[in-house]
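J.: Starting off with a structure, shown below.
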Amino acid sequence: MQSLSNRKKILEQEPMNFWERIYLPAIFKGLAITLRHFFMKKNTIRYPEETREYSKNFRGMHSLKRDELGRERCTACGLCALSCPAEAITMIAAERQKGEENLYREEKYAAVYEINMLRCIFCGLCEEACPKEAIYLDGPHVPPEYLRKDFIYGKDKLVEQPFINLEELSLNK
Amino acid sequence: MEFAFIIEKFILIIVVFVITLVIAMYSTLAERKVAGFMQDRLGPDRAGIFGILQPLCDGGKFFFKEEIIPAGAHRPLFILGPTLAIITACIGSAVIPWGQALTIGDRVVELQVADVNVGILYIFGVVALGVYGIMLGGWASNNKFSLMGAVRAASQSISYELAMGLSIIALLMVTQSLSLKEIVAQQEGFVNWNIWAQPLGFLIFLICAFAETNRVPFDLPECETELVGGYHTEYSSMKLGLYMFSEYINMFVSSALMAAIYFGGYNFPFMYDLGLSANWITIIGVFVFFIKIIAFIFFFMWIRWTLPRFRYDQLMNLGWKMLIPLALANIALTGVFIILKDKFF
Ligand code: SF4
Ligand code: SF4
């Protein structure tokens with residue numbers, strides 16, 4: 001058939017010549033290649049001892065942030081749960097009581113906050129949706145577990161460790 | 001005297017046997033290491049430094065695996081298969097001369113288990129028997145894939161034994177002897193190695209050795225991509241282990257054979273010019289022999305991780321249409337050279 005683009009090429013397989021038929025030259029070429037690889041630098045990362053470096057904008061495990069006074073920032077507005085395409089986030093809101101001002105930044109806080117890490121696709125939309133800069137996907141990847149229920153992370157795993165002021169500690173002593 | 005002789009041979013047999021098994025064992029590790037290195041990986045290195053305990057772990061695992069004999073299988077033959085495979089693999093090394101004679105006190109100890117005067121034929125016979133292990137196992141499994149693997153193994157080994165035998169005939173024309181001890185003893189030093197007299201014969205022999213040991217690129221009897229596992233599809237636990245082990249022992253024996261008949265065996269360059277005592281020459285010779293063997297084993301692995309498997313028709317074409325004519329031509333050429341040499345030198 002006529003080629004419309006004029007770029008048609010007819011490739012015909014030529015019968016193998018003698019050297020190709022006895023395979024030997026090709027075999028030696030192959031051997032040289034594999035021998036070169038034998039002495040090359042190995043790419044193996046011996047995992048538990050060595051870890052691959054994460055890229056700067058790697059989206060890993062979530063953490064719920066605290067403010068500079070160590071109070072939880074999340075106000076349980078539910079925007080993260082709403083924005084989540086995988087429906088991975090659930091929470092139960094509660095009202096801050098008197099005397100809890102040092103624990104929660106806003107008047108409403110999340111009493112329960114759960115992310116199902118098996119549902120989560122690490123898209124980062126929760127991070128973008130949050131008006132309080134309370135959630136970031138700045139952790140490493142999620143470690144393996146044996147049971148599905150262990151992948152549902154509650155506040156115990158998500159909330160950042162309270163900020164410890166070393167100076168204050170030493171003063172108290 | 002007679003008793004001492006038996007003791008001596010007994011010790012030698014045990015030593016050869018243990019060395020064979022240890023080398024076969026570590027070949028399994030080396031195989032994976034070589035594979036890893038050629039693919040820019042490290043290979044197994046968790047069990048002991050550099051993975052040195054890996055073969056022990058694998059062996060232990062094989063022993064503790066569940067033993068499964070399929071319901072339709074022919075039980076006695078199913079068990080006989082791997083047994084035969086490993087026995088024939090092990091007895092091949094009996095006629096290989098590992099070194100010259102050692103003189104201990106006034107006893108002369110030959111470092112060869114049996115000096116059969118038709119040593120090469122013995123090895124051929126044993127190798128030919130080896131395929132029965134595969135055939136029996138494949139047939140007794142009562143599985144079409146196993147059977148196909150077995151049939152392939154049989155026809156492959158017949159096809160390549162021919163070319164192998166023909167390449168050996170040319171060698172025998174040069175050496176004028178069938179005894180391995182003789183052949184190795186003739187190749188003193190470096191220039192007398194048979195490889196210089198028989199390069200084409202060696203190449204044919206090498207290719208056939210790959211085919212006879214069922215190594216890639218001729219591993220069609222087990223061919224995972226087409227036949228699941230080929231003749232050992234139905235095998236599990238240590239029976240499978242024995243099949244694999246026999247493959248590595250075969251590799252070791254054929255490496256030893258090639259090193260012995262083409263690469264001078266225990267002979268090394270300048271062996272008599274260094275002013276060493278006979279015993280030292282023997283010891284270094286044994287050492288050199290093992291270096292040659294290990295080099296060949298490495299070569300087997302190197303090829304395995306370089307070449308893809310042949311198609312079955314290519315395998316047959318290569319065997320019948322290339323190797324056998326080449327081997328015949330090699331015999332004719334060798335004859336011509338021998339006559340020319342006699343006439344003019
Ligand atoms: S990262 Fe995406 S999927 Fe995961 S919880 Fe946040 S919004 Fe949902
Ligand atoms: S993490 Fe942010 S978006 Fe989600 S409930 Fe808390 S404040 Fe709202």
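In the structure tokens, each chain is lettered A, B, ... as it comes, each chain's residues begin at 1, and ligands are numbered from 1 in order of appearance.
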Within 7 Å of ligand 2 (counting only C-alpha atoms and all ligand atoms), which residues show up? I'd like them as a ChimeraX atom specification.
T.: /A:64,73-81,126,129-135
J.: Considering only C-alpha atoms, return as a list in words whatever protein or nucleic-acid residues lie within 9 Å of Leu328 (chain B), sequence-local ones (same chain, fewer than 4 positions apart) excluded.
T.: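 Skipping anything fewer than 4 positions along the chain leaves Ala163, Leu166, Ser167, Ala170, Leu323, Ile324, Ala332 and Leu333 of chain B.
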J.: Taking only C-alpha atoms into account, find every residue of chain A that has an atom no more than 9 Å from chain B, and write it out as a list in words.
T.: Ile22, Ile27, Gly30, Leu31, Ile33, Thr34, Leu35, Arg36, His37, Phe38, Phe39, Met40, Lys41, Lys42, Asn43 and Thr44 of chain A
J.: Extract, using only C-alpha atoms, all DNA, RNA and protein residues at most 7 Å from region 184-188 of chain B, discarding same-chain residues fewer than 3 positions from it, and format them as a list of chain:residue names.
T.: B:Leu180, B:Lys181, B:Asn192, B:Trp193, B:Asn194, B:Ala260, B:Ile261, B:Gly264, B:Gly265, B:Asn267
J.: Excluding same-chain residues fewer than 4 positions from Ile92 (chain A), what lies within 7 Å of it counting only C-alpha atoms, as a PyMOL selection string?
T.: chain A and resi 110-113
J.: Mind dumping the selected residues with N, CA, C and O atoms as a PDB file, in the first residue's frame?
T.:
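What landed in result_1.pdb:
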```
ATOM      1  N   ALA A 110     -10.107  17.578  68.191  1.00  0.00           N
ATOM      2  CA  ALA A 110     -10.450  16.207  67.812  1.00  0.00           C
ATOM      3  C   ALA A 110     -10.150  15.287  68.969  1.00  0.00           C
ATOM      4  O   ALA A 110      -8.999  15.112  69.351  1.00  0.00           O
ATOM      5  N   ALA A 111     -11.243  14.730  69.535  1.00  0.00           N
ATOM      6  CA  ALA A 111     -11.033  13.788  70.626  1.00  0.00           C
ATOM      7  C   ALA A 111     -10.502  12.472  70.073  1.00  0.00           C
ATOM      8  O   ALA A 111      -9.643  11.828  70.657  1.00  0.00           O
ATOM      9  N   VAL A 112     -11.069  12.063  68.933  1.00  0.00           N
ATOM     10  CA  VAL A 112     -10.572  10.878  68.237  1.00  0.00           C
ATOM     11  C   VAL A 112     -10.219  11.316  66.830  1.00  0.00           C
ATOM     12  O   VAL A 112     -10.965  12.058  66.207  1.00  0.00           O
ATOM     13  N   TYR A 113      -9.096  10.897  66.357  1.00  0.00           N
ATOM     14  CA  TYR A 113      -8.717  11.230  64.980  1.00  0.00           C
ATOM     15  C   TYR A 113      -8.040  10.003  64.406  1.00  0.00           C
ATOM     16  O   TYR A 113      -7.017   9.561  64.925  1.00  0.00           O
TER      17      TYR A 113
END
```
J.: Can you tell me which residues sit at most 6 Å away from ligand 1, counting only C-alpha atoms and all ligand atoms, written as a list in words?
T.: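 Within the 6 Å cut-off, the matching residues are Ser83, Cys84, Pro85, Ala86, Ala88, Ile89, Cys120, Ile121, Phe122, Cys123, Gly124, Leu125 and Cys126 of chain A.
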J.: Do you have the CA of Glu72 (chain A)-CA of Ala93 (chain A) distance handy?
T.: 13.1 Å
J.: Please return as a PyMOL selection string: the residues of region 253-332 of chain B that backbone DSSP assigns to helix (DSSP H, G or I).
T.: chain B and resi 253-261+278-304+312-332
J.: Gly130 (chain B): which residues within 10 Å, counting only C-alpha atoms, same-chain residues fewer than 5 positions away excluded, as a ChimeraX atom specification?
T.: /B:81-82,84-89,92,124-125,135,157,212-213,246-247,250
J.: Could you give me, as a list in words, the residues within 9 Å of Tyr153 (chain A), counting only C-alpha atoms and dropping anything in the same chain fewer than 6 positions from it?
T.: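 After dropping sequence-adjacent residues, the list is Tyr113, Glu114, Ile115, Asn116 and Met117 of chain A.
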